[in-house]
Amino acid sequence: MLETSANGPFVTGKVRLEHAVGMHARPAVKLTKLAKRFQAQISIRASETADWINAKSVAKVMALRAPRHSMIEIKAHGEDAEAAVAALVDLVATDFPDVGP
Amino acid sequence: MRADVAGLAYRGRTASIGFACGPFVRLGSTAGGARTPGSPEQETRALRHAIESSSEQIAELAAAAGGEAAQILEFQVALLEDQDFLDPVFAAIGAGAPADGAWSSALDEQIADYNSASDEYLRARSSDLADLRDRVLRILRGGESEVVKIPSGAIVCADDLPPSRFLEIDWSGGGGLALLHGSPTSHVAMLARGRGIPMVVQLGSVSNGVVALLDGEGATLELDPSTAQIGLFERRKENHRKSRASARAILRRPAAIWRGERIRLLINIQRVEDLEHADAQYADGIGLMRTEFLLTGPDGIPDEETQYRTYDAVLRWADKRPVTIRTFDAGGDKPVPGFTPHGETNPFLGLRGLRLCLARPDIFTVQLRALARAAMRGNLKIMFPMVTVPAELEAARALFAEVVKGLQAEGIGAMLPELGIMVEVPAAALAIGDFKAAFFSIGSNDLAQYVLACDRSNGTLAPLLDPLHPAVLELIARTAEHGRRHGIGVSLCGDMAGDPACVPALLHCGLRELSVNAPALAQIKQTIDRLSHGGGGG
């Protein structure tokens, strides 16, 4: 999805969190690690009313306290924003699979 | 070891099953010496260095441990690399705060935040953060990790134990872990289960000793045991080993059969996490889900939505299998601030169970709303505890029906589930035919306490409190007979069901449904199998 704002183009995505215990330590670590591989500024939130937080901060992602079945929204802007959103949506949608380093 | 004097025994909660006997080692909490702060630049450098060294240490531990342990430690490493988290710490140092103070207060804030979470899993993460805080502080304060020599095979006792400390201990010679606080869902508990190290948590307070016996199954710690205690311990351990081996094979068989009749074996759960036990999947359903744990969270009694999610999670786990949820059973030996009455002279005979819920419709209605919604999601049955007369069941039914109507009027899907009662008051057992219940579940612990007039929290009365007393069995048999004659399900969910010595008597009383804790499931199924094949007492 593409959307524009005053700060330039944003790429956004939405995905439902299916992880059994919600956004806990291991999913949060995987999400931030993946986010850090991209140059783009990436923000996420777990409900429409919440503030956007930095997807590269494990402390902030844990603080989302996102329970199972919550809808995770992702937005990014920057050169590789589209790839970043696609990768993060895929990570959540596939329930944080274990992959090699 | 003293030959004749019994040592002190403590009971906690099981975090990891197994048996260990070894030297008792009590770990103190990390005491940090004070340090003299330097300039903001020096302090910034000191913290950067401490963070880097910590990262390296943790990475080494993770590499050595591998697997699940490495994943747990990854969270700590990620936090040390989190600029959003570190920036305010360095900003505070720039403004003149000492490195150790700035670091501690940032971590303490996070720890307090995690501790206040309503989710037990999240609360358990606070020990990971305390671990990280202390590691960085030890380096900052120059004292390298305190060295307590832990002999191989020791029973290690601590207030709580961070995962990295667990990994630093040499468990190759066995041993066990006894925590005064801690939680069965902590990372350490996961590690202990993974390594097969017995672990008991929430022991409260423990005195000192030289030798300890740790029974992860019975959740007991015995210090400086007598030879008699050691003998009993060894017997429990041997029984456990033997029964595990053969029982696990039996567990996989579809049903327990006794004299051609199917015996349903269900499980009791105290909280949702109990479903994680490896044997839980083999149960025919959930015979008793206690809900009191919902009353003791740090945020007080949870709202309808939180309760609904909890019940829904259990129903989803059970799929088509039946789930019997018991409404709040507070009072008696389970006081809850803001809910149970103060100053009762005899709380076991006081305002408890359904009596209390009917007196507090403000709290009860919220639970009934959550349950009425959950009833749409699976095979849900509701039972009321501590019922004396049919009027109480009918009052609860009327309130429940009103709640369902209210929800439906709001356009929310809800239905009235099957309603049953606990049979634990002798009057209810004696007048069982007067109750219009969909099922009965015998609460043998309370039934025995009331029939035998023995406070079950009074240890000195333990020899008198015999659940196999003919008067108790008589009431169980009457209830079972009534159910059989009228086609009403009768189960038993007290400790008797999980005690192999009691099972023959229960089957002879006519019970065909037993509900036990998940760790006892295999052994009880095996007991029934043996009885069925002409074993002793069958």
# chains A, B, ... in the order shown; residues from 1 in each chain; ligands from 1
>>> select_by_dssp(residues="chain A", states="alpha helix (DSSP H)", output="PyMOL selection string")
chain A and resi 25-36+58-63+81-93
>>> write_last_selection(atoms="C-alpha atoms", output="PDB file, in the first residue's frame")
ATOM      1  CA  ALA A  25      10.719 -11.345  23.978  1.00  0.00           C
ATOM      2  CA  ARG A  26      11.569 -13.675  21.120  1.00  0.00           C
ATOM      3  CA  PRO A  27       9.203 -12.230  18.522  1.00  0.00           C
ATOM      4  CA  ALA A  28      10.276  -8.711  19.540  1.00  0.00           C
ATOM      5  CA  VAL A  29      13.951  -9.562  19.100  1.00  0.00           C
ATOM      6  CA  LYS A  30      13.311 -11.072  15.680  1.00  0.00           C
ATOM      7  CA  LEU A  31      11.257  -8.112  14.550  1.00  0.00           C
ATOM      8  CA  THR A  32      13.790  -5.483  15.611  1.00  0.00           C
ATOM      9  CA  LYS A  33      16.699  -7.442  14.179  1.00  0.00           C
ATOM     10  CA  LEU A  34      14.987  -7.621  10.833  1.00  0.00           C
ATOM     11  CA  ALA A  35      13.987  -3.949  10.930  1.00  0.00           C
ATOM     12  CA  LYS A  36      17.585  -2.937  11.557  1.00  0.00           C
ATOM     13  CA  VAL A  58      13.362  -3.817  21.237  1.00  0.00           C
ATOM     14  CA  ALA A  59      12.413  -1.988  24.450  1.00  0.00           C
ATOM     15  CA  LYS A  60       9.675  -0.061  22.623  1.00  0.00           C
ATOM     16  CA  VAL A  61       8.413  -3.098  20.734  1.00  0.00           C
ATOM     17  CA  MET A  62       8.139  -5.065  23.976  1.00  0.00           C
ATOM     18  CA  ALA A  63       6.322  -2.110  25.522  1.00  0.00           C
ATOM     19  CA  ALA A  81      10.774   1.192   2.631  1.00  0.00           C
ATOM     20  CA  GLU A  82       8.787  -1.102   0.402  1.00  0.00           C
ATOM     21  CA  ALA A  83      11.092  -4.081   0.956  1.00  0.00           C
ATOM     22  CA  ALA A  84      11.180  -3.375   4.691  1.00  0.00           C
ATOM     23  CA  VAL A  85       7.405  -3.403   5.074  1.00  0.00           C
ATOM     24  CA  ALA A  86       7.082  -6.530   2.940  1.00  0.00           C
ATOM     25  CA  ALA A  87       9.738  -8.341   4.991  1.00  0.00           C
ATOM     26  CA  LEU A  88       8.234  -7.361   8.351  1.00  0.00           C
ATOM     27  CA  VAL A  89       4.691  -8.266   7.300  1.00  0.00           C
ATOM     28  CA  ASP A  90       6.015 -11.611   6.139  1.00  0.00           C
ATOM     29  CA  LEU A  91       7.842 -12.194   9.451  1.00  0.00           C
ATOM     30  CA  VAL A  92       4.684 -11.602  11.488  1.00  0.00           C
ATOM     31  CA  ALA A  93       2.433 -13.472   9.052  1.00  0.00           C
TER      32      ALA A  93
END
>>> interface_residues(of="chain B", to="chain A", cutoff="9 Å", atoms="only C-alpha atoms", output="PyMOL selection string")
chain B and resi 71-72+74-75+78-79+81-85+110+113-114+117+121-122+125
>>> atom_distance(atom1="atom CA of B:Trp258", atom2="atom CA of B:Gly420")
25.7 Å
>>> residues_around(residues="B:Ala278", least_positions_apart="2", cutoff="12 Å", atoms="only C-alpha atoms", output="list in words")
Ser16, Ile17, Arg193, Gly194, Arg248, Leu251, Arg252, Glu273, Asp274, Leu275, Glu276, Ala280, Gln281, Tyr282, Ala283, Asn517, Ala518, Pro519, Ala520, Leu521 and Ala522 of chain B
>>> write_last_selection(atoms="N, CA and C atoms", output="mmCIF file, in the first residue's frame")
data_model
loop_
_atom_site.group_PDB
_atom_site.id
_atom_site.type_symbol
_atom_site.label_atom_id
_atom_site.label_comp_id
_atom_site.auth_asym_id
_atom_site.auth_seq_id
_atom_site.Cartn_x
_atom_site.Cartn_y
_atom_site.Cartn_z
ATOM 1 N N SER B 16 9.756 -27.471 37.462
ATOM 2 C CA SER B 16 10.351 -28.504 36.626
ATOM 3 C C SER B 16 10.389 -29.793 37.441
ATOM 4 N N ILE B 17 9.884 -30.867 36.835
ATOM 5 C CA ILE B 17 9.753 -32.131 37.558
ATOM 6 C C ILE B 17 11.082 -32.877 37.592
ATOM 7 N N ARG B 193 13.513 -27.024 32.767
ATOM 8 C CA ARG B 193 12.734 -28.118 32.184
ATOM 9 C C ARG B 193 13.472 -28.722 31.003
ATOM 10 N N GLY B 194 14.078 -27.823 30.192
ATOM 11 C CA GLY B 194 14.802 -28.287 29.021
ATOM 12 C C GLY B 194 15.979 -29.171 29.393
ATOM 13 N N ARG B 248 4.061 -43.454 30.307
ATOM 14 C CA ARG B 248 4.011 -42.605 29.120
ATOM 15 C C ARG B 248 3.525 -43.391 27.906
ATOM 16 N N LEU B 251 -0.206 -43.679 28.306
ATOM 17 C CA LEU B 251 -0.861 -42.383 28.107
ATOM 18 C C LEU B 251 -1.336 -42.198 26.675
ATOM 19 N N ARG B 252 -0.579 -42.740 25.746
ATOM 20 C CA ARG B 252 -0.904 -42.527 24.332
ATOM 21 C C ARG B 252 -2.086 -43.364 23.873
ATOM 22 N N GLU B 273 -1.232 -21.510 31.838
ATOM 23 C CA GLU B 273 0.097 -22.080 31.562
ATOM 24 C C GLU B 273 0.158 -23.569 31.888
ATOM 25 N N ASP B 274 -0.721 -24.047 32.754
ATOM 26 C CA ASP B 274 -0.681 -25.476 33.098
ATOM 27 C C ASP B 274 -0.929 -26.358 31.872
ATOM 28 N N LEU B 275 -1.517 -25.780 30.843
ATOM 29 C CA LEU B 275 -1.782 -26.560 29.631
ATOM 30 C C LEU B 275 -0.505 -26.858 28.863
ATOM 31 N N GLU B 276 0.588 -26.180 29.244
ATOM 32 C CA GLU B 276 1.851 -26.410 28.549
ATOM 33 C C GLU B 276 2.489 -27.729 28.977
ATOM 34 N N ALA B 280 -0.635 -32.884 29.100
ATOM 35 C CA ALA B 280 -1.983 -32.295 29.113
ATOM 36 C C ALA B 280 -2.784 -32.685 27.875
ATOM 37 N N GLN B 281 -2.070 -32.780 26.738
ATOM 38 C CA GLN B 281 -2.747 -33.092 25.469
ATOM 39 C C GLN B 281 -3.499 -34.423 25.493
ATOM 40 N N TYR B 282 -3.090 -35.341 26.399
ATOM 41 C CA TYR B 282 -3.717 -36.655 26.417
ATOM 42 C C TYR B 282 -4.992 -36.696 27.256
ATOM 43 N N ALA B 283 -5.358 -35.575 27.862
ATOM 44 C CA ALA B 283 -6.542 -35.553 28.721
ATOM 45 C C ALA B 283 -7.816 -35.602 27.887
ATOM 46 N N ASN B 517 -4.310 -33.331 38.263
ATOM 47 C CA ASN B 517 -3.309 -32.419 37.710
ATOM 48 C C ASN B 517 -2.569 -33.123 36.573
ATOM 49 N N ALA B 518 -2.190 -32.371 35.573
ATOM 50 C CA ALA B 518 -1.561 -32.978 34.390
ATOM 51 C C ALA B 518 -0.381 -33.904 34.727
ATOM 52 N N PRO B 519 0.502 -33.532 35.679
ATOM 53 C CA PRO B 519 1.629 -34.431 35.961
ATOM 54 C C PRO B 519 1.196 -35.795 36.502
ATOM 55 N N ALA B 520 -0.024 -35.912 37.029
ATOM 56 C CA ALA B 520 -0.483 -37.187 37.594
ATOM 57 C C ALA B 520 -1.223 -38.042 36.569
ATOM 58 N N LEU B 521 -1.504 -37.466 35.411
ATOM 59 C CA LEU B 521 -2.349 -38.131 34.420
ATOM 60 C C LEU B 521 -1.823 -39.520 34.030
ATOM 61 N N ALA B 522 -0.535 -39.577 33.733
ATOM 62 C CA ALA B 522 0.050 -40.837 33.260
ATOM 63 C C ALA B 522 -0.070 -41.920 34.331
#
>>> select_by_dssp(residues="stretch 203-419 of chain B", states="strand (DSSP E)", output="ChimeraX atom specification")
/B:211-215,220-223,256-258,261-269,286-289,323-326,380-384,418-419
>>> write_last_selection(atoms="N, CA, C and O atoms", output="short mmCIF file (atom, residue, chain, number, x, y, z; two decimals), in the first residue's frame")
data_model
loop_
_atom_site.label_atom_id
_atom_site.label_comp_id
_atom_site.auth_asym_id
_atom_site.auth_seq_id
_atom_site.Cartn_x
_atom_site.Cartn_y
_atom_site.Cartn_z
N VAL B 211 22.57 -30.36 53.65
CA VAL B 211 22.15 -31.28 52.60
C VAL B 211 20.67 -31.04 52.33
O VAL B 211 19.92 -30.70 53.25
N ALA B 212 20.28 -31.17 51.07
CA ALA B 212 18.87 -30.94 50.74
C ALA B 212 18.34 -32.01 49.80
O ALA B 212 19.08 -32.59 49.02
N LEU B 213 17.04 -32.25 49.94
CA LEU B 213 16.32 -33.11 49.01
C LEU B 213 15.31 -32.23 48.28
O LEU B 213 14.55 -31.52 48.92
N LEU B 214 15.33 -32.28 46.97
CA LEU B 214 14.38 -31.47 46.21
C LEU B 214 13.52 -32.41 45.37
O LEU B 214 14.02 -33.19 44.57
N ASP B 215 12.22 -32.31 45.59
CA ASP B 215 11.26 -33.15 44.87
C ASP B 215 10.43 -32.23 43.97
O ASP B 215 9.53 -31.54 44.43
N THR B 220 8.51 -30.07 46.92
CA THR B 220 9.01 -29.94 48.29
C THR B 220 10.53 -29.83 48.34
O THR B 220 11.24 -30.36 47.49
N LEU B 221 10.99 -29.12 49.36
CA LEU B 221 12.42 -29.01 49.67
C LEU B 221 12.58 -29.47 51.12
O LEU B 221 11.90 -28.97 52.01
N GLU B 222 13.45 -30.45 51.35
CA GLU B 222 13.70 -30.92 52.72
C GLU B 222 15.17 -30.66 53.04
O GLU B 222 16.05 -31.02 52.28
N LEU B 223 15.40 -30.01 54.20
CA LEU B 223 16.77 -29.68 54.57
C LEU B 223 17.26 -30.61 55.67
O LEU B 223 16.52 -30.92 56.61
N ALA B 256 -8.87 -44.93 28.98
CA ALA B 256 -8.67 -45.80 30.12
C ALA B 256 -9.92 -46.65 30.27
O ALA B 256 -11.03 -46.13 30.25
N ILE B 257 -9.72 -47.96 30.37
CA ILE B 257 -10.86 -48.87 30.47
C ILE B 257 -10.75 -49.66 31.77
O ILE B 257 -9.67 -50.16 32.10
N TRP B 258 -11.82 -49.72 32.50
CA TRP B 258 -11.84 -50.52 33.72
C TRP B 258 -13.07 -51.42 33.67
O TRP B 258 -14.20 -50.94 33.58
N GLU B 261 -15.58 -50.66 31.11
CA GLU B 261 -16.19 -49.33 31.07
C GLU B 261 -15.13 -48.27 30.86
O GLU B 261 -14.05 -48.32 31.45
N ARG B 262 -15.47 -47.29 30.06
CA ARG B 262 -14.55 -46.19 29.80
C ARG B 262 -14.45 -45.30 31.04
O ARG B 262 -15.45 -44.90 31.61
N ILE B 263 -13.22 -45.00 31.46
CA ILE B 263 -13.01 -44.05 32.56
C ILE B 263 -12.47 -42.76 31.95
O ILE B 263 -11.40 -42.77 31.33
N ARG B 264 -13.19 -41.69 32.09
CA ARG B 264 -12.71 -40.42 31.54
C ARG B 264 -11.71 -39.79 32.49
O ARG B 264 -11.97 -39.69 33.68
N LEU B 265 -10.58 -39.39 31.92
CA LEU B 265 -9.55 -38.74 32.71
C LEU B 265 -9.36 -37.33 32.21
O LEU B 265 -8.96 -37.11 31.07
N LEU B 266 -9.66 -36.39 33.07
CA LEU B 266 -9.55 -34.98 32.69
C LEU B 266 -8.47 -34.34 33.55
O LEU B 266 -7.95 -34.96 34.47
N ILE B 267 -8.16 -33.09 33.24
CA ILE B 267 -7.14 -32.42 34.05
C ILE B 267 -7.70 -31.20 34.78
O ILE B 267 -8.65 -30.56 34.33
N ASN B 268 -7.07 -30.93 35.92
CA ASN B 268 -7.34 -29.71 36.68
C ASN B 268 -6.28 -28.68 36.29
O ASN B 268 -5.10 -29.03 36.20
N ILE B 269 -6.71 -27.46 36.07
CA ILE B 269 -5.68 -26.43 35.83
C ILE B 269 -5.91 -25.25 36.76
O ILE B 269 -7.03 -24.92 37.11
N ILE B 286 -10.94 -30.76 30.30
CA ILE B 286 -10.55 -30.07 31.53
C ILE B 286 -11.71 -30.23 32.53
O ILE B 286 -12.82 -29.79 32.27
N GLY B 287 -11.42 -30.93 33.61
CA GLY B 287 -12.46 -31.23 34.59
C GLY B 287 -12.66 -30.11 35.60
O GLY B 287 -13.71 -29.98 36.21
N LEU B 288 -11.61 -29.32 35.76
CA LEU B 288 -11.68 -28.20 36.70
C LEU B 288 -10.67 -27.14 36.28
O LEU B 288 -9.47 -27.37 36.32
N MET B 289 -11.19 -26.00 35.85
CA MET B 289 -10.31 -24.85 35.68
C MET B 289 -10.62 -23.90 36.83
O MET B 289 -11.73 -23.39 36.95
N VAL B 323 -14.75 -28.44 28.74
CA VAL B 323 -14.00 -27.61 29.68
C VAL B 323 -14.95 -27.16 30.79
O VAL B 323 -15.96 -26.52 30.52
N THR B 324 -14.64 -27.56 32.01
CA THR B 324 -15.46 -27.14 33.14
C THR B 324 -14.73 -26.04 33.89
O THR B 324 -13.64 -26.27 34.42
N ILE B 325 -15.33 -24.86 33.89
CA ILE B 325 -14.71 -23.73 34.60
C ILE B 325 -15.48 -23.51 35.90
O ILE B 325 -16.71 -23.49 35.91
N ARG B 326 -14.75 -23.39 36.97
CA ARG B 326 -15.37 -23.13 38.26
C ARG B 326 -15.34 -21.63 38.54
O ARG B 326 -14.31 -20.98 38.39
N LEU B 380 -18.28 -25.64 26.81
CA LEU B 380 -18.06 -25.05 28.15
C LEU B 380 -19.14 -25.48 29.13
O LEU B 380 -20.33 -25.48 28.81
N LYS B 381 -18.70 -25.85 30.33
CA LYS B 381 -19.62 -26.11 31.44
C LYS B 381 -19.16 -25.25 32.60
O LYS B 381 -17.95 -25.03 32.78
N ILE B 382 -20.12 -24.81 33.40
CA ILE B 382 -19.77 -23.96 34.53
C ILE B 382 -20.18 -24.65 35.82
O ILE B 382 -21.28 -25.19 35.90
N MET B 383 -19.27 -24.62 36.79
CA MET B 383 -19.70 -25.17 38.09
C MET B 383 -19.48 -24.17 39.20
O MET B 383 -18.57 -23.36 39.19
N PHE B 384 -20.41 -24.24 40.15
CA PHE B 384 -20.39 -23.33 41.29
C PHE B 384 -19.83 -24.07 42.51
O PHE B 384 -20.23 -25.21 42.78
N GLU B 418 -24.06 -25.23 30.34
CA GLU B 418 -24.54 -26.21 31.32
C GLU B 418 -24.07 -25.79 32.71
O GLU B 418 -22.91 -25.40 32.87
N LEU B 419 -24.95 -25.89 33.70
CA LEU B 419 -24.57 -25.48 35.04
C LEU B 419 -24.56 -26.68 35.99
O LEU B 419 -25.52 -27.44 36.05
#
>>> residues_around(residues="B:Phe348", least_positions_apart="5", cutoff="8 Å", atoms="only C-alpha atoms", output="list in words")
Gly331, Gly332, Asp333 and Asp455 of chain B
>>> write_last_selection(atoms="N, CA and C atoms", output="PDB file, in the first residue's frame")
ATOM      1  N   GLY B 331     -12.268 -17.031  49.554  1.00  0.00           N
ATOM      2  CA  GLY B 331     -12.693 -17.202  50.942  1.00  0.00           C
ATOM      3  C   GLY B 331     -12.123 -18.495  51.488  1.00  0.00           C
ATOM      4  N   GLY B 332     -12.428 -18.797  52.737  1.00  0.00           N
ATOM      5  CA  GLY B 332     -11.821 -19.964  53.361  1.00  0.00           C
ATOM      6  C   GLY B 332     -10.331 -19.736  53.522  1.00  0.00           C
ATOM      7  N   ASP B 333      -9.515 -20.633  52.936  1.00  0.00           N
ATOM      8  CA  ASP B 333      -8.069 -20.428  53.023  1.00  0.00           C
ATOM      9  C   ASP B 333      -7.558 -19.605  51.843  1.00  0.00           C
ATOM     10  N   ASP B 455      -9.879 -29.147  59.953  1.00  0.00           N
ATOM     11  CA  ASP B 455      -9.348 -28.038  59.166  1.00  0.00           C
ATOM     12  C   ASP B 455      -8.201 -28.579  58.317  1.00  0.00           C
TER      13      ASP B 455
END
>>> closest_residue(among="A:Glu73, A:Gly78, A:Ala66, A:Phe96", to="A:Gly22", atoms="only C-alpha atoms")
A:Ala66
>>> atom_distance(atom1="atom CA of B:Arg141", atom2="atom CA of B:Asp100")
7.8 Å
>>> closest_residue(among="A:Thr49, A:Gln39, A:Ser70, A:Thr94", to="A:Lys14", atoms="only C-alpha atoms")
A:Ser70
>>> closest_residue(among="A:Asp51, A:Pro97, A:Asp80, A:Val15", to="A:Arg37", atoms="only C-alpha atoms")
A:Asp80
>>> atom_distance(atom1="atom CA of B:Val425", atom2="atom CA of B:Met386")
6.4 Å
>>> closest_residue(among="B:Ala453, B:Ile139, B:Ala374, B:Leu47", to="B:Ala97", atoms="only C-alpha atoms")
B:Leu47
>>> residues_around(residues="B:Val200", least_positions_apart="6", cutoff="12 Å", atoms="only C-alpha atoms", output="mmCIF file with C-alpha atoms, in the first residue's frame")
data_model
loop_
_atom_site.group_PDB
_atom_site.id
_atom_site.type_symbol
_atom_site.label_atom_id
_atom_site.label_comp_id
_atom_site.auth_asym_id
_atom_site.auth_seq_id
_atom_site.Cartn_x
_atom_site.Cartn_y
_atom_site.Cartn_z
ATOM 1 C CA TYR B 10 9.034 -26.644 52.671
ATOM 2 C CA ARG B 11 6.464 -26.683 49.923
ATOM 3 C CA GLY B 12 6.383 -24.442 46.855
ATOM 4 C CA ARG B 13 5.178 -24.697 43.286
ATOM 5 C CA THR B 14 6.523 -27.068 40.684
ATOM 6 C CA ALA B 15 8.495 -25.434 37.894
ATOM 7 C CA SER B 16 10.351 -28.504 36.626
ATOM 8 C CA ILE B 17 9.753 -32.131 37.558
ATOM 9 C CA GLY B 18 12.541 -34.387 38.812
ATOM 10 C CA PHE B 19 14.347 -35.407 41.984
ATOM 11 C CA ALA B 20 17.690 -34.220 43.338
ATOM 12 C CA ILE B 155 20.651 -27.894 45.319
ATOM 13 C CA VAL B 156 20.989 -24.195 44.538
ATOM 14 C CA CYS B 157 18.731 -21.897 46.523
ATOM 15 C CA ALA B 158 18.205 -18.207 45.709
ATOM 16 C CA ASP B 159 15.505 -15.559 45.924
ATOM 17 C CA ASP B 160 15.264 -15.673 42.155
ATOM 18 C CA LEU B 161 17.825 -16.705 39.562
ATOM 19 C CA GLY B 176 18.294 -28.825 41.495
ATOM 20 C CA LEU B 177 17.003 -25.316 41.875
ATOM 21 C CA ALA B 178 14.935 -24.037 44.819
ATOM 22 C CA LEU B 179 13.698 -20.463 44.514
ATOM 23 C CA LEU B 180 12.005 -18.473 47.260
ATOM 24 C CA HIS B 181 10.183 -16.379 44.660
ATOM 25 C CA GLY B 182 10.333 -17.046 40.929
ATOM 26 C CA SER B 183 7.706 -18.318 38.571
ATOM 27 C CA PRO B 184 7.044 -21.551 36.678
ATOM 28 C CA THR B 185 6.793 -19.533 33.464
ATOM 29 C CA SER B 186 10.150 -17.763 33.853
ATOM 30 C CA VAL B 188 14.910 -20.093 34.098
ATOM 31 C CA ALA B 189 12.052 -22.544 34.517
ATOM 32 C CA ALA B 192 15.469 -26.088 33.872
ATOM 33 C CA ARG B 193 12.734 -28.118 32.184
ATOM 34 C CA LEU B 213 16.317 -33.110 49.006
ATOM 35 C CA LEU B 214 14.383 -31.474 46.207
ATOM 36 C CA ASP B 215 11.260 -33.147 44.870
ATOM 37 C CA GLY B 216 10.140 -31.297 41.754
ATOM 38 C CA GLU B 217 7.013 -33.400 41.510
ATOM 39 C CA GLY B 218 5.697 -32.858 45.024
ATOM 40 C CA ALA B 219 7.206 -29.328 44.994
ATOM 41 C CA THR B 220 9.010 -29.939 48.287
ATOM 42 C CA LEU B 221 12.415 -29.011 49.672
ATOM 43 C CA GLU B 222 13.701 -30.915 52.720
#
>>> decode(residues="stretch 353-368 of chain B", atoms="N, CA and C atoms", output="PDB file, in the first residue's frame")
ATOM      1  N   GLY B 353     -16.828 -19.206  48.362  1.00  0.00           N
ATOM      2  CA  GLY B 353     -17.375 -19.863  47.181  1.00  0.00           C
ATOM      3  C   GLY B 353     -18.584 -19.125  46.635  1.00  0.00           C
ATOM      4  N   LEU B 354     -19.614 -19.874  46.253  1.00  0.00           N
ATOM      5  CA  LEU B 354     -20.799 -19.260  45.646  1.00  0.00           C
ATOM      6  C   LEU B 354     -21.496 -18.307  46.616  1.00  0.00           C
ATOM      7  N   ARG B 355     -21.412 -18.606  47.910  1.00  0.00           N
ATOM      8  CA  ARG B 355     -22.026 -17.716  48.903  1.00  0.00           C
ATOM      9  C   ARG B 355     -21.490 -16.296  48.729  1.00  0.00           C
ATOM     10  N   LEU B 356     -20.182 -16.206  48.620  1.00  0.00           N
ATOM     11  CA  LEU B 356     -19.533 -14.900  48.495  1.00  0.00           C
ATOM     12  C   LEU B 356     -19.895 -14.247  47.154  1.00  0.00           C
ATOM     13  N   CYS B 357     -19.881 -15.041  46.071  1.00  0.00           N
ATOM     14  CA  CYS B 357     -20.194 -14.485  44.751  1.00  0.00           C
ATOM     15  C   CYS B 357     -21.615 -13.919  44.710  1.00  0.00           C
ATOM     16  N   LEU B 358     -22.549 -14.630  45.325  1.00  0.00           N
ATOM     17  CA  LEU B 358     -23.929 -14.127  45.327  1.00  0.00           C
ATOM     18  C   LEU B 358     -24.049 -12.854  46.161  1.00  0.00           C
ATOM     19  N   ALA B 359     -23.154 -12.726  47.151  1.00  0.00           N
ATOM     20  CA  ALA B 359     -23.166 -11.515  47.979  1.00  0.00           C
ATOM     21  C   ALA B 359     -22.474 -10.347  47.286  1.00  0.00           C
ATOM     22  N   ARG B 360     -21.699 -10.648  46.247  1.00  0.00           N
ATOM     23  CA  ARG B 360     -20.954  -9.605  45.537  1.00  0.00           C
ATOM     24  C   ARG B 360     -21.267  -9.650  44.040  1.00  0.00           C
ATOM     25  N   PRO B 361     -22.523  -9.329  43.672  1.00  0.00           N
ATOM     26  CA  PRO B 361     -22.891  -9.414  42.248  1.00  0.00           C
ATOM     27  C   PRO B 361     -22.044  -8.485  41.371  1.00  0.00           C
ATOM     28  N   ASP B 362     -21.473  -7.419  41.968  1.00  0.00           N
ATOM     29  CA  ASP B 362     -20.629  -6.507  41.172  1.00  0.00           C
ATOM     30  C   ASP B 362     -19.466  -7.269  40.551  1.00  0.00           C
ATOM     31  N   ILE B 363     -18.849  -8.151  41.343  1.00  0.00           N
ATOM     32  CA  ILE B 363     -17.700  -8.921  40.852  1.00  0.00           C
ATOM     33  C   ILE B 363     -18.165 -10.153  40.068  1.00  0.00           C
ATOM     34  N   PHE B 364     -19.206 -10.816  40.587  1.00  0.00           N
ATOM     35  CA  PHE B 364     -19.675 -12.063  39.995  1.00  0.00           C
ATOM     36  C   PHE B 364     -20.219 -11.836  38.583  1.00  0.00           C
ATOM     37  N   THR B 365     -20.972 -10.735  38.396  1.00  0.00           N
ATOM     38  CA  THR B 365     -21.598 -10.469  37.102  1.00  0.00           C
ATOM     39  C   THR B 365     -20.557 -10.333  35.990  1.00  0.00           C
ATOM     40  N   VAL B 366     -19.431  -9.716  36.314  1.00  0.00           N
ATOM     41  CA  VAL B 366     -18.376  -9.549  35.305  1.00  0.00           C
ATOM     42  C   VAL B 366     -17.871 -10.921  34.852  1.00  0.00           C
ATOM     43  N   GLN B 367     -17.668 -11.813  35.819  1.00  0.00           N
ATOM     44  CA  GLN B 367     -17.213 -13.155  35.462  1.00  0.00           C
ATOM     45  C   GLN B 367     -18.273 -13.893  34.637  1.00  0.00           C
ATOM     46  N   LEU B 368     -19.532 -13.771  35.042  1.00  0.00           N
ATOM     47  CA  LEU B 368     -20.598 -14.466  34.309  1.00  0.00           C
ATOM     48  C   LEU B 368     -20.733 -13.930  32.882  1.00  0.00           C
TER      49      LEU B 368
END
